[in-house]
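start_12.cif follows; it contains mmCIF, C-alpha atoms.
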```cif
data_entry
loop_
_atom_site.label_atom_id
_atom_site.label_comp_id
_atom_site.auth_asym_id
_atom_site.auth_seq_id
_atom_site.Cartn_x
_atom_site.Cartn_y
_atom_site.Cartn_z
CA MET A 1 0.00 0.00 0.00
CA ARG A 2 2.81 2.38 0.85
CA ALA A 3 4.51 1.71 -2.51
CA ILE A 4 1.25 2.38 -4.34
CA LEU A 5 0.82 5.67 -2.49
CA VAL A 6 4.37 6.79 -3.38
CA VAL A 7 3.85 6.00 -7.05
CA ALA A 8 0.52 7.88 -7.02
CA ILE A 9 2.15 10.95 -5.49
CA LEU A 10 4.95 10.87 -8.06
CA ALA A 11 2.42 10.58 -10.85
CA ILE A 12 0.59 13.66 -9.57
CA LEU A 13 3.88 15.60 -9.40
CA ALA A 14 4.80 14.58 -12.92
CA LEU A 15 1.45 15.54 -14.40
CA THR A 16 0.48 18.61 -12.38
CA GLY A 17 3.70 19.81 -10.78
CA CYS A 18 4.50 20.80 -7.20
CA SER A 19 5.50 24.42 -7.81
CA PRO A 20 2.18 26.29 -7.89
CA THR A 21 3.88 29.64 -7.26
CA TYR A 22 5.97 29.38 -10.42
CA LYS A 23 4.88 32.15 -12.81
CA ALA A 24 7.49 32.12 -15.60
CA GLN A 25 6.25 31.65 -19.15
CA PRO A 26 8.18 30.54 -22.26
CA VAL A 27 9.73 33.52 -24.03
CA ALA A 28 8.91 32.16 -27.48
CA SER A 29 6.08 30.02 -28.77
CA ALA A 30 8.56 27.84 -30.68
CA ILE A 31 10.85 27.24 -27.69
CA LYS A 32 10.11 23.50 -27.56
CA THR A 33 11.04 23.07 -31.19
CA TYR A 34 14.12 25.20 -30.61
CA ASP A 35 15.16 23.09 -27.65
CA LYS A 36 14.57 19.74 -29.36
CA THR A 37 16.50 20.83 -32.44
CA PHE A 38 19.46 21.77 -30.30
CA THR A 39 19.13 18.58 -28.25
CA SER A 40 19.17 16.31 -31.28
CA ALA A 41 22.24 18.05 -32.59
CA SER A 42 24.28 18.12 -29.40
CA SER A 43 23.20 15.44 -26.94
CA SER A 44 24.75 12.03 -26.83
CA ARG A 45 23.78 8.63 -25.59
CA ALA A 46 26.30 6.75 -23.51
CA SER A 47 28.26 3.99 -25.15
CA PRO A 48 27.68 0.57 -23.52
CA LEU A 49 31.46 0.32 -23.34
CA TYR A 50 31.67 3.32 -21.00
CA ALA A 51 28.26 3.21 -19.31
CA LYS A 52 28.20 3.92 -15.59
CA ASN A 53 26.36 1.44 -13.36
CA PRO A 54 23.15 3.32 -12.43
CA PHE A 55 23.04 1.56 -9.04
CA SER A 56 26.57 2.62 -8.09
CA VAL A 57 26.59 5.22 -5.32
CA ARG A 58 29.96 6.59 -6.44
CA PHE A 59 30.46 9.59 -8.69
CA LEU A 60 31.97 8.91 -12.08
CA SER A 61 34.79 11.26 -11.02
CA ARG A 62 36.58 10.12 -7.88
CA ARG A 63 39.38 12.69 -7.99
CA PRO A 64 40.10 15.97 -9.81
CA SER A 65 41.74 15.79 -13.24
CA VAL A 66 42.20 19.57 -13.37
CA TYR A 67 42.21 22.25 -10.69
CA VAL A 68 40.29 25.34 -11.75
CA ASN A 69 40.80 28.50 -9.70
CA PRO A 70 37.26 29.88 -9.22
CA TYR A 71 38.51 33.04 -7.53
CA LYS A 72 40.67 34.48 -10.31
CA ALA A 73 38.54 35.97 -13.10
CA ASP A 74 41.12 37.92 -15.16
CA ASP A 75 41.87 36.87 -18.74
CA LYS A 76 39.27 34.14 -18.70
CA PRO A 77 37.05 34.46 -21.79
CA TYR A 78 35.32 31.09 -21.34
CA PHE A 79 32.96 29.80 -18.67
CA VAL A 80 31.08 26.91 -17.19
CA GLU A 81 27.93 27.60 -15.19
CA PHE A 82 26.16 25.13 -12.93
CA ARG A 83 22.43 25.87 -13.11
CA ALA A 84 19.19 24.90 -11.44
CA ARG A 85 15.83 25.70 -12.95
CA ASN A 86 12.15 25.36 -12.20
CA ALA A 87 10.14 22.47 -13.60
CA HIS A 88 6.77 20.82 -13.00
CA SER A 89 8.33 18.98 -10.05
CA TYR A 90 11.32 19.68 -7.84
CA GLY A 91 13.40 21.18 -10.66
CA HIS A 92 16.40 20.21 -12.77
CA ALA A 93 20.16 20.89 -12.78
CA SER A 94 22.56 21.15 -15.71
CA VAL A 95 25.78 22.79 -16.86
CA VAL A 96 26.08 25.55 -19.45
CA PHE A 97 29.48 26.16 -21.00
CA GLY A 98 30.96 28.22 -23.80
CA LYS A 99 32.55 31.58 -24.60
CA LEU A 100 31.59 34.86 -22.97
CA ASP A 101 30.36 37.73 -25.14
CA SER A 102 32.23 40.99 -25.75
CA ASN A 103 30.89 42.35 -22.45
CA GLY A 104 32.15 39.37 -20.48
CA LYS A 105 28.62 37.99 -20.04
CA ILE A 106 27.04 34.66 -20.84
CA PRO A 107 25.59 35.20 -24.35
CA THR A 108 21.80 35.50 -24.47
CA ASN A 109 19.41 37.37 -26.72
CA SER A 110 17.17 40.26 -25.66
CA LYS A 111 14.59 37.80 -24.31
CA GLY A 112 17.03 35.98 -22.06
CA VAL A 113 17.46 32.90 -24.25
CA LEU A 114 20.93 31.37 -24.48
CA ASP A 115 22.72 31.61 -27.83
CA PRO A 116 23.10 27.99 -29.06
CA LYS A 117 25.91 29.05 -31.40
CA ARG A 118 28.09 30.11 -28.49
CA VAL A 119 27.11 27.83 -25.63
CA GLN A 120 26.33 24.19 -25.00
CA ILE A 121 24.19 22.56 -22.30
CA SER A 122 24.59 19.20 -20.66
CA GLY A 123 22.33 17.63 -18.06
CA LEU A 124 21.21 14.13 -17.15
CA HIS A 125 17.51 13.41 -17.64
CA PRO A 126 15.19 10.74 -19.07
CA ALA A 127 15.52 10.34 -22.84
CA THR A 128 11.89 11.24 -23.45
CA ASP A 129 9.25 13.88 -22.76
CA ASP A 130 6.86 11.19 -21.49
CA PRO A 131 6.09 11.89 -17.79
CA LYS A 132 5.50 8.17 -17.25
CA GLN A 133 9.20 7.54 -17.79
CA TRP A 134 10.03 10.28 -15.27
CA VAL A 135 7.80 8.52 -12.73
CA LYS A 136 9.28 5.13 -13.60
CA GLY A 137 12.79 6.53 -13.06
CA HIS A 138 11.98 6.95 -9.38
CA ALA A 139 11.63 3.16 -9.06
CA VAL A 140 14.07 1.74 -11.63
CA PRO A 141 16.74 3.19 -13.95
CA VAL A 142 15.42 4.51 -17.27
CA PRO A 143 17.30 5.37 -20.49
CA ALA A 144 18.86 8.82 -20.31
CA GLU A 145 20.28 11.51 -22.51
CA THR A 146 22.78 14.19 -21.57
CA GLY A 147 21.88 17.20 -23.68
CA PRO A 148 19.58 20.12 -22.84
CA SER A 149 15.97 19.60 -21.85
CA ASP A 150 12.97 21.84 -22.45
CA GLY A 151 13.40 25.02 -20.39
CA ASP A 152 17.19 24.92 -20.06
CA PHE A 153 17.74 27.81 -22.46
CA GLU A 154 15.64 30.44 -20.73
CA ASP A 155 16.88 32.66 -17.91
CA ALA A 156 13.27 33.08 -16.77
CA TYR A 157 13.32 29.55 -15.36
CA VAL A 158 16.69 29.71 -13.57
CA THR A 159 16.51 29.46 -9.77
CA ALA A 160 20.23 29.23 -8.92
CA ARG A 161 23.53 29.54 -10.75
CA TYR A 162 27.23 29.24 -10.06
CA GLN A 163 29.51 30.60 -12.80
CA VAL A 164 33.21 29.79 -13.06
CA ASN A 165 35.24 31.65 -15.67
CA LEU A 166 37.97 29.73 -17.45
CA THR A 167 41.12 30.25 -19.50
CA GLU A 168 41.21 28.62 -22.91
CA GLN A 169 43.39 25.81 -21.56
CA GLU A 170 41.06 25.23 -18.60
CA PHE A 171 38.05 25.33 -20.89
CA ARG A 172 39.46 22.64 -23.17
CA LYS A 173 40.03 20.39 -20.17
CA VAL A 174 36.53 21.05 -18.79
CA VAL A 175 34.95 20.28 -22.18
CA GLY A 176 36.85 16.99 -22.13
CA ILE A 177 35.45 16.24 -18.65
CA ILE A 178 31.89 17.02 -19.75
CA ASN A 179 32.21 14.94 -22.92
CA ARG A 180 33.44 11.97 -20.89
CA HIS A 181 30.41 12.30 -18.62
CA LYS A 182 28.08 12.51 -21.62
CA ARG A 183 29.49 9.23 -22.91
CA SER A 184 29.22 7.51 -19.53
CA TYR A 185 25.64 8.01 -18.32
CA ALA A 186 23.23 5.66 -20.06
CA TYR A 187 20.56 5.74 -17.34
CA TRP A 188 18.77 8.21 -15.08
CA TYR A 189 17.77 6.91 -11.66
CA ALA A 190 16.30 9.57 -9.37
CA PRO A 191 16.77 7.88 -5.93
CA ASN A 192 20.52 7.43 -6.50
CA TYR A 193 22.37 10.73 -5.98
CA ALA A 194 25.21 9.49 -8.23
CA SER A 195 22.82 8.73 -11.11
CA ASN A 196 20.54 11.78 -11.21
CA CYS A 197 20.99 15.34 -12.44
CA LEU A 198 22.60 16.49 -9.17
CA GLY A 199 25.20 13.75 -9.15
CA TYR A 200 25.89 14.42 -12.80
CA ILE A 201 26.81 18.10 -12.34
CA GLY A 202 28.43 17.31 -8.98
CA SER A 203 30.73 14.76 -10.58
CA ILE A 204 31.75 17.29 -13.25
CA ALA A 205 32.45 19.92 -10.58
CA LYS A 206 34.44 17.47 -8.49
CA GLU A 207 36.66 16.58 -11.43
CA MET A 208 37.29 20.31 -11.86
CA GLY A 209 38.65 20.41 -8.31
CA LEU A 210 35.57 22.15 -6.88
CA ARG A 211 33.85 21.24 -3.62
CA VAL A 212 30.38 19.77 -3.89
CA PRO A 213 27.58 19.02 -1.39
CA THR A 214 27.69 15.53 0.08
CA VAL A 215 23.97 15.42 0.86
CA PRO A 216 21.54 15.70 -2.07
CA THR A 217 18.69 18.19 -1.97
CA VAL A 218 16.49 19.93 -4.53
CA PRO A 219 18.44 21.45 -7.45
CA LYS A 220 18.23 25.13 -6.48
CA TYR A 221 19.59 24.49 -2.99
CA TYR A 222 22.23 22.12 -4.32
CA VAL A 223 23.63 24.75 -6.70
CA ARG A 224 23.45 27.45 -4.02
CA GLN A 225 25.36 25.20 -1.62
CA MET A 226 27.97 24.46 -4.27
CA LYS A 227 28.48 28.18 -4.85
CA ALA A 228 28.79 28.89 -1.13
CA MET A 229 31.35 26.11 -0.72
CA ASN A 230 33.60 27.52 -3.45
CA THR A 231 33.37 31.30 -2.90
#
```

File written out as structure tokens:
Amino acid sequence: MRAILVVAILAILALTGCSPTYKAQPVASAIKTYDKTFTSASSSRASPLYAKNPFSVRFLSRRPSVYVNPYKADDKPYFVEFRARNAHSYGHASVVFGKLDSNGKIPTNSKGVLDPKRVQISGLHPATDDPKQWVKGHAVPVPAETGPSDGDFEDAYVTARYQVNLTEQEFRKVVGIINRHKRSYAYWYAPNYASNCLGYIGSIAKEMGLRVPTVPTVPKYYVRQMKAMNT
């Protein structure tokens, strides 16, 4: 009976959401098409050869492969930003990375939409828009993809962010870290911190030499904690 109740609650969250105070609206009527086009061009499915065990409680990254200095911002024209955003549930976390614009800002248009020609997005989530798979992923691992999901492009949805500016050399190394993660996560499994969106961005941050929260929470608090631990 308890298991049935949990599944019923998750189904309600997936279909109706648990953020009734959320007011943001899409900035363009074609945003879903825009997102899916970018996703199909940039996301990757993990190779079975490299796939991480979705039941493993360990991060993919166990030690840093590069030490990024988050305090020094001079002569760093590139960036990686750890983001949390609103969703029809408890939210989602991802990383945005690319080159800053001429004003030293993350490139967006006048409506606050990221420029897909100058940035990329990577986050771990079910490889479908079907809410049933999202619910199922709270009980068993489900197939995942590691590109952007609907809503990741718009600043209107962002609830927390932690930006780290990078030199060109640091950026190349960070892109290598992210690409390795994209190849390694074949499944999304919400109950396992190491196999959900938080563990995904946390593992990337850890391999960059950053400190990350040891206790999972909702995405916006996770990213805020990460920022506080490194500033």

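Put simply, atom CA of Lys76 of chain A is 7.2 Å away from atom CA of Glu168 of chain A.
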
For this session: Select, from A:Gly209, A:Gly137, A:Pro116, A:Gly98, the residue with the minimum atom-to-atom distance to Val66 of chain A, counting all atoms listed in the file.
Result: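 Distance minimum relative to Val66 of chain A lands on A:Gly209.
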
Problem set entry | Surrounding residues of segment 150-166 of chain A excluding itself and chain neighbours under 2 positions, 7 Å, all atoms listed in the file, as a list in words |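 Answer for this query is Ala24, Lys32, Asp35, Pro70, Ala73, Lys76, Pro77, Tyr78, Phe79, Val80, Glu81, Phe82, Arg83, Ala84, Arg85, Asn86, Gly112, Val113, Leu114, Pro148, Glu168, Glu170, Phe171, Lys220, Val223, Arg224 and Lys227 of chain A.
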
Problem set entry | Answer key for the PyMOL selection byres ((chain A and resi 193-203) around 9), residues as number ranges by chain | A: 52-62, 82-83, 92-95, 122-125, 141, 181, 185, 187-192, 204-208, 210-213, 215-219, 222-223, 226

Using the chain letters and numbers from the file, give me the residues hit by the PyMOL selection byres ((chain A and resi 106) around 9), as an mmCIF file with C-alpha atoms, keeping the file's coordinate frame.
```
data_model
loop_
_atom_site.group_PDB
_atom_site.id
_atom_site.type_symbol
_atom_site.label_atom_id
_atom_site.label_comp_id
_atom_site.auth_asym_id
_atom_site.auth_seq_id
_atom_site.Cartn_x
_atom_site.Cartn_y
_atom_site.Cartn_z
ATOM 1 C CA PHE A 79 32.960 29.800 -18.670
ATOM 2 C CA PHE A 97 29.480 26.160 -21.000
ATOM 3 C CA GLY A 98 30.960 28.220 -23.800
ATOM 4 C CA LYS A 99 32.550 31.580 -24.600
ATOM 5 C CA LEU A 100 31.590 34.860 -22.970
ATOM 6 C CA ASP A 101 30.360 37.730 -25.140
ATOM 7 C CA ASN A 103 30.890 42.350 -22.450
ATOM 8 C CA GLY A 104 32.150 39.370 -20.480
ATOM 9 C CA LYS A 105 28.620 37.990 -20.040
ATOM 10 C CA PRO A 107 25.590 35.200 -24.350
ATOM 11 C CA THR A 108 21.800 35.500 -24.470
ATOM 12 C CA LEU A 114 20.930 31.370 -24.480
ATOM 13 C CA ASP A 115 22.720 31.610 -27.830
ATOM 14 C CA ARG A 118 28.090 30.110 -28.490
ATOM 15 C CA VAL A 119 27.110 27.830 -25.630
#
```

For this session: Decode the PyMOL selection byres ((chain A and resi 126) around 7) for the given file into explicit residues and return them as a list in words.
Result: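 When the PyMOL selection byres ((chain A and resi 126) around 7) is applied, the selected residues are His125, Ala127, Thr128, Gln133, Trp134, Val142, Pro143, Ala144, Glu145 and Trp188 of chain A.
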
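For the residues A:Ser102, A:Ser184, A:Thr167, A:Gly147, ranking by smallest atom-to-atom distance to Asp74 of chain A using only C-alpha atoms places A:Thr167 first.
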
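Closest approach to Lys182 of chain A among A:His138, A:Ala51, A:Ser149, A:Ala228 is made by A:Ala51 (distances from only C-alpha atoms).
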
For this session: May I ask for the distance between atom CA of Val174 of chain A and atom CA of Ser65 of chain A, given in Å to one decimal place?
Result: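 Result for atom CA of Val174 of chain A versus atom CA of Ser65 of chain A: 9.3 Å, one decimal.
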
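Closest approach to Asn179 of chain A among A:Gln120, A:Gln225, A:Asn230, A:Asn69: A:Gln120, based on only C-alpha atoms.
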
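Separating atom CA of Asn109 of chain A from atom CA of Tyr221 of chain A is a distance of 27.0 Å.
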
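Each of A:Ser89, A:Lys117, A:Gln169, A:Val175 was checked against Val135 of chain A using all atoms listed in the file; the smallest atom-to-atom distance is that of A:Ser89.
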